[in-house]
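Heads up: the structure comes next, in structure tokens.
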Amino acid sequence: MSGPRDEMIRNRKKEKEAEENRRLQREREALALKQELEKLRLEEERKQKEAALALKQEMEKLRLEEERKQRELKQKENAMAVLIASVMGSFEARWRSFNSLADNRFSLLVLEEKFQKIQQMGKTAKENLALEKTIAAVEEEMANHLNVVSTFAQTEVEARSISANLKVCKAVHTFCNNLESDWDARQKSILSKVQLRQVGPEQSTNGLRVLIKAGNNLIEQALKHEAESESRISLLKATIESLKSIGFFVGPVVNEDESNPLSAAVLTAKKGSEIIYLTVPLGGVVQSRFGGFPSETCTEIFEKYLEKLKEKGFECEATNPGVRDEPKLIGKNAKELPRNNSQQGNA
């Protein structure tokens with residue numbers, strides 16, 4: 001008989017060790033993902049800085065070159081064709097630099113049409129003033145586009161970081177799993193539209209910012225529910241011990257809705273024909289209902305019950321001021337569920 005039992009104990013021990021190893025593996029994977037995301041973010045920042053510096057240096061170089069040619073053209077009235085060719089060459093070089101920095105997930109069709117218009121102007125212009133004004137306007141749009149795309153890239157990294165945090169947050173999967181699935185679907189929808197060039201960078205950035213805020217709120221909400229759940233466990237343990245100490249047999253704790261961890265916990269205690277029903281929501285007022293008691297007996301037992309809870313650090317009192325007149329429907333209010341470490345996680 002001892003052999004199978006020892007084998008069962010060993011198997012259980014191995015299962016626990018395996019589960020712990022899996023948990024540690026998940027934590028290592030989550031940490032690795034976080035480190036990789038941070039590495040990508042830093043690399044993206046480095047590239048953006050290098051690109052911005054290169055563009056600035058190129059623009060400065062072209063500006064100086066343009067000024068030099070302008071001085072030459074002022075001295076040579078017959079060199080207008082040379083000046084226009086120079087302007088167009090400079091702009092085309094800047095356009096190539098711009099295209100190398102732009103994110104290919106966003107359509108540049110509008111700017112490309114303006115580039116073609118400038119090319120046509122360069123072929124037919126008799127003077128360069130209108131051409132330069134048009135080029136200046138397009139270059140401003142180019143710079144604005146790069147800025148918007150850069151902002152999107154930074155926001156995209158932040159959104160992916162939030163996504164990773166949601167996936168590794170135990171509280172989210174325990175209390176807000178459906179909301180996390182909805183959040184993940186919304187993020188994939190936004191990034192899919194970007195990849196398919198269905199939306200621009202500014203609209204995509206706004207959508208991700210809304211999503212980031214929602215993700216942070218979701219984590220905060222889940223952690224709040226987790227803390228409330230730990231406090232409720234402490235309260236339930238104290239309640240069960242208090243009822244047992246005054247002679248009650250206490251049944252198992254169940255949720256009103258077994259599929260919903262946010263639903264109230266329900267507890268039934270019996271002593272002969274006397275029954276106490278308890279409903280304990282996730283935070284808030286705890287309701288007690290007494291059945292099968294004469295009025296004077298109910299009041300006496302209820303007072304003992306409250307005293308036992310107070311001894312365990314739960315400041316409770318009847319919420320119904322007429323409790324002695326209505327002994328069969330009695331409420332108690334846990335004014336503040338304890339949140340210190342000594343009272344959490346003991347159930």
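By order of appearance in the structure tokens: chains A, B, ..., then residues from 1 within every chain, and ligands from 1 in the order shown.
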
Could you pull out the helix (DSSP H, G or I) residues of stretch 198-275 of chain A, going by DSSP on the backbone, and write them as a compact mmCIF listing (two decimals) with N, CA and C atoms, in the first residue's frame?
# COMPACT_ATOMS: atom_id res chain seq x y z
N PRO A 201 -0.30 58.36 -40.88
CA PRO A 201 0.43 58.27 -39.61
C PRO A 201 -0.23 59.04 -38.48
N GLU A 202 -0.80 60.20 -38.78
CA GLU A 202 -1.39 61.00 -37.71
C GLU A 202 -2.62 60.31 -37.12
N GLN A 203 -3.49 59.80 -37.98
CA GLN A 203 -4.68 59.10 -37.50
C GLN A 203 -4.29 57.83 -36.75
N SER A 204 -3.27 57.12 -37.24
CA SER A 204 -2.81 55.90 -36.58
C SER A 204 -2.24 56.22 -35.20
N THR A 205 -1.48 57.32 -35.11
CA THR A 205 -0.91 57.72 -33.82
C THR A 205 -2.01 58.02 -32.81
N ASN A 206 -3.03 58.76 -33.24
CA ASN A 206 -4.13 59.09 -32.34
C ASN A 206 -4.83 57.82 -31.84
N GLY A 207 -5.03 56.87 -32.77
CA GLY A 207 -5.67 55.61 -32.38
C GLY A 207 -4.84 54.85 -31.37
N LEU A 208 -3.51 54.82 -31.56
CA LEU A 208 -2.64 54.10 -30.63
C LEU A 208 -2.58 54.80 -29.27
N ARG A 209 -2.62 56.14 -29.27
CA ARG A 209 -2.59 56.85 -27.99
C ARG A 209 -3.83 56.54 -27.16
N VAL A 210 -4.99 56.49 -27.82
CA VAL A 210 -6.22 56.10 -27.11
C VAL A 210 -6.07 54.69 -26.55
N LEU A 211 -5.47 53.81 -27.35
CA LEU A 211 -5.29 52.42 -26.95
C LEU A 211 -4.30 52.30 -25.79
N ILE A 212 -3.23 53.08 -25.82
CA ILE A 212 -2.25 53.06 -24.73
C ILE A 212 -2.89 53.47 -23.41
N LYS A 213 -3.68 54.54 -23.46
CA LYS A 213 -4.38 54.99 -22.25
C LYS A 213 -5.32 53.90 -21.74
N ALA A 214 -6.05 53.26 -22.65
CA ALA A 214 -6.96 52.19 -22.25
C ALA A 214 -6.20 51.02 -21.65
N GLY A 215 -5.02 50.69 -22.23
CA GLY A 215 -4.22 49.59 -21.70
C GLY A 215 -3.71 49.86 -20.30
N ASN A 216 -3.22 51.08 -20.07
CA ASN A 216 -2.76 51.45 -18.72
C ASN A 216 -3.91 51.40 -17.72
N ASN A 217 -5.08 51.89 -18.14
CA ASN A 217 -6.25 51.85 -17.26
C ASN A 217 -6.66 50.41 -16.96
N LEU A 218 -6.53 49.53 -17.96
CA LEU A 218 -6.89 48.14 -17.78
C LEU A 218 -5.99 47.46 -16.75
N ILE A 219 -4.68 47.73 -16.84
CA ILE A 219 -3.75 47.16 -15.86
C ILE A 219 -4.05 47.70 -14.46
N GLU A 220 -4.30 49.01 -14.37
CA GLU A 220 -4.62 49.61 -13.07
C GLU A 220 -5.90 49.01 -12.49
N GLN A 221 -6.90 48.82 -13.34
CA GLN A 221 -8.16 48.24 -12.88
C GLN A 221 -7.96 46.80 -12.40
N ALA A 222 -7.18 46.02 -13.16
CA ALA A 222 -6.95 44.62 -12.79
C ALA A 222 -6.19 44.52 -11.46
N LEU A 223 -5.19 45.37 -11.26
CA LEU A 223 -4.44 45.35 -10.00
C LEU A 223 -5.32 45.77 -8.82
N LYS A 224 -6.25 46.70 -9.08
CA LYS A 224 -7.19 47.10 -8.03
C LYS A 224 -8.07 45.92 -7.65
N HIS A 225 -8.60 45.20 -8.65
CA HIS A 225 -9.42 44.03 -8.37
C HIS A 225 -8.62 42.96 -7.63
N GLU A 226 -7.34 42.82 -7.98
CA GLU A 226 -6.50 41.83 -7.32
C GLU A 226 -6.33 42.17 -5.84
N ALA A 227 -6.09 43.46 -5.55
CA ALA A 227 -5.95 43.88 -4.15
C ALA A 227 -7.26 43.68 -3.39
N GLU A 228 -8.39 43.99 -4.05
CA GLU A 228 -9.69 43.78 -3.40
C GLU A 228 -9.93 42.30 -3.15
N SER A 229 -9.50 41.46 -4.07
CA SER A 229 -9.68 40.03 -3.91
C SER A 229 -8.86 39.50 -2.73
N GLU A 230 -7.62 39.99 -2.61
CA GLU A 230 -6.78 39.56 -1.49
C GLU A 230 -7.38 40.01 -0.17
N SER A 231 -7.92 41.22 -0.15
CA SER A 231 -8.56 41.71 1.07
C SER A 231 -9.79 40.87 1.40
N ARG A 232 -10.55 40.51 0.35
CA ARG A 232 -11.74 39.69 0.60
C ARG A 232 -11.37 38.32 1.15
N ILE A 233 -10.28 37.76 0.67
CA ILE A 233 -9.83 36.46 1.19
C ILE A 233 -9.55 36.55 2.68
N SER A 234 -8.87 37.64 3.08
CA SER A 234 -8.60 37.83 4.51
C SER A 234 -9.89 37.96 5.31
N LEU A 235 -10.83 38.73 4.76
CA LEU A 235 -12.11 38.91 5.45
C LEU A 235 -12.88 37.61 5.55
N LEU A 236 -12.89 36.82 4.48
CA LEU A 236 -13.59 35.54 4.50
C LEU A 236 -12.98 34.58 5.52
N LYS A 237 -11.67 34.58 5.58
CA LYS A 237 -11.00 33.70 6.54
C LYS A 237 -11.38 34.08 7.97
N ALA A 238 -11.35 35.38 8.24
CA ALA A 238 -11.72 35.84 9.58
C ALA A 238 -13.18 35.54 9.88
N THR A 239 -14.04 35.71 8.88
CA THR A 239 -15.47 35.43 9.07
C THR A 239 -15.70 33.96 9.37
N ILE A 240 -15.06 33.09 8.60
CA ILE A 240 -15.21 31.64 8.81
C ILE A 240 -14.73 31.24 10.21
N GLU A 241 -13.56 31.75 10.59
CA GLU A 241 -13.03 31.43 11.91
C GLU A 241 -13.95 31.94 13.02
N SER A 242 -14.54 33.13 12.81
CA SER A 242 -15.44 33.69 13.82
C SER A 242 -16.70 32.85 13.96
N LEU A 243 -17.26 32.43 12.85
CA LEU A 243 -18.47 31.61 12.90
C LEU A 243 -18.18 30.25 13.53
N LYS A 244 -17.06 29.66 13.20
CA LYS A 244 -16.70 28.37 13.80
C LYS A 244 -16.51 28.49 15.30
N SER A 245 -15.95 29.63 15.72
CA SER A 245 -15.67 29.80 17.16
C SER A 245 -16.95 29.91 17.99

Practice task
Please run DSSP on the backbone and report, as an MDAnalysis selection string, all residues within stretch 62-258 of chain A that come out as strand (DSSP E or B).
Solution key: chainID A and resid 249:250 254:255

Nearby residues (only C-alpha atoms) at most 10 Å from stretch 28-30 of chain A, same-chain spacing under 3 positions excluded, as a PDB file with N, CA and C atoms, in the first residue's frame:
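Result file is around-v9.pdb:
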ATOM      1  N   ARG A  22       7.843  25.961 -15.311  1.00  0.00           N
ATOM      2  CA  ARG A  22       7.124  26.646 -16.394  1.00  0.00           C
ATOM      3  C   ARG A  22       6.877  28.106 -16.043  1.00  0.00           C
ATOM      4  N   ARG A  23       6.534  28.343 -14.763  1.00  0.00           N
ATOM      5  CA  ARG A  23       6.300  29.727 -14.351  1.00  0.00           C
ATOM      6  C   ARG A  23       7.570  30.557 -14.483  1.00  0.00           C
ATOM      7  N   LEU A  24       8.707  29.988 -14.054  1.00  0.00           N
ATOM      8  CA  LEU A  24       9.975  30.713 -14.165  1.00  0.00           C
ATOM      9  C   LEU A  24      10.342  30.949 -15.628  1.00  0.00           C
ATOM     10  N   GLN A  25      10.028  29.953 -16.486  1.00  0.00           N
ATOM     11  CA  GLN A  25      10.310  30.111 -17.915  1.00  0.00           C
ATOM     12  C   GLN A  25       9.493  31.248 -18.502  1.00  0.00           C
ATOM     13  N   LEU A  33      11.475  39.538 -23.575  1.00  0.00           N
ATOM     14  CA  LEU A  33      10.673  40.347 -24.504  1.00  0.00           C
ATOM     15  C   LEU A  33      10.764  41.814 -24.150  1.00  0.00           C
ATOM     16  N   LYS A  34      10.693  42.107 -22.857  1.00  0.00           N
ATOM     17  CA  LYS A  34      10.782  43.498 -22.413  1.00  0.00           C
ATOM     18  C   LYS A  34      12.135  44.099 -22.794  1.00  0.00           C
ATOM     19  N   GLN A  35      13.205  43.317 -22.599  1.00  0.00           N
ATOM     20  CA  GLN A  35      14.543  43.808 -22.929  1.00  0.00           C
ATOM     21  C   GLN A  35      14.679  44.027 -24.444  1.00  0.00           C
ATOM     22  N   GLU A  36      14.089  43.116 -25.217  1.00  0.00           N
ATOM     23  CA  GLU A  36      14.162  43.253 -26.672  1.00  0.00           C
ATOM     24  C   GLU A  36      13.416  44.494 -27.142  1.00  0.00           C
ATOM     25  N   ALA A 164       2.840  43.874 -24.305  1.00  0.00           N
ATOM     26  CA  ALA A 164       3.645  42.881 -23.594  1.00  0.00           C
ATOM     27  C   ALA A 164       3.295  42.862 -22.103  1.00  0.00           C
ATOM     28  N   ASN A 165       3.087  44.052 -21.514  1.00  0.00           N
ATOM     29  CA  ASN A 165       2.735  44.126 -20.097  1.00  0.00           C
ATOM     30  C   ASN A 165       1.391  43.459 -19.821  1.00  0.00           C
ATOM     31  N   LYS A 167       0.064  41.019 -21.462  1.00  0.00           N
ATOM     32  CA  LYS A 167       0.167  39.571 -21.623  1.00  0.00           C
ATOM     33  C   LYS A 167       0.817  38.893 -20.416  1.00  0.00           C
ATOM     34  N   VAL A 168       1.687  39.603 -19.694  1.00  0.00           N
ATOM     35  CA  VAL A 168       2.380  38.983 -18.555  1.00  0.00           C
ATOM     36  C   VAL A 168       1.750  39.345 -17.212  1.00  0.00           C
ATOM     37  N   CYS A 169       0.736  40.215 -17.229  1.00  0.00           N
ATOM     38  CA  CYS A 169       0.108  40.632 -15.967  1.00  0.00           C
ATOM     39  C   CYS A 169      -0.914  39.581 -15.539  1.00  0.00           C
TER      40      CYS A 169
END

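If you measure from each of A:Asn128, A:Arg41, A:Ala81, A:Ser90 to A:Leu62 using only C-alpha atoms, the closest one turns out to be A:Ser90.
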
Practice task
For stretch 47-61 of chain A, please output as a PyMOL selection string all residues within 8 Å (counting only C-alpha atoms; exclusion window: fewer than 5 positions along the same chain).
Solution key: chain A and resi 94+97+101+150

Completion exercise
Min atom-atom distance to A:Gln195 from the set A:Asp103, A:Glu132, A:Glu303, A:Glu139, counting only C-alpha atoms, belongs to A:Asp103

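Minimum distance to A:Ser259 across A:Gly284, A:Asn177, A:Val157, A:Tyr305 (counting only C-alpha atoms) occurs at A:Asn177.
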
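Atom CA of A:Arg105 to atom CA of A:Ala153 spans 11.1 Å [interatomic distance, one decimal].
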
Just want the 7 Å neighbourhood of A:Val280, counted on only C-alpha atoms, with same-chain residues fewer than 4 positions away dropped. Output as an mmCIF file with C-alpha atoms, in the first residue's frame.
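Ended up saving to part.cif:
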data_model
loop_
_atom_site.group_PDB
_atom_site.id
_atom_site.type_symbol
_atom_site.label_atom_id
_atom_site.label_comp_id
_atom_site.auth_asym_id
_atom_site.auth_seq_id
_atom_site.Cartn_x
_atom_site.Cartn_y
_atom_site.Cartn_z
ATOM 1 C CA ALA A 264 -19.777 38.251 -4.965
ATOM 2 C CA ALA A 265 -18.630 35.334 -2.806
ATOM 3 C CA VAL A 266 -21.409 33.422 -1.040
ATOM 4 C CA VAL A 286 -20.863 42.580 3.351
ATOM 5 C CA GLN A 287 -24.461 41.389 3.808
#
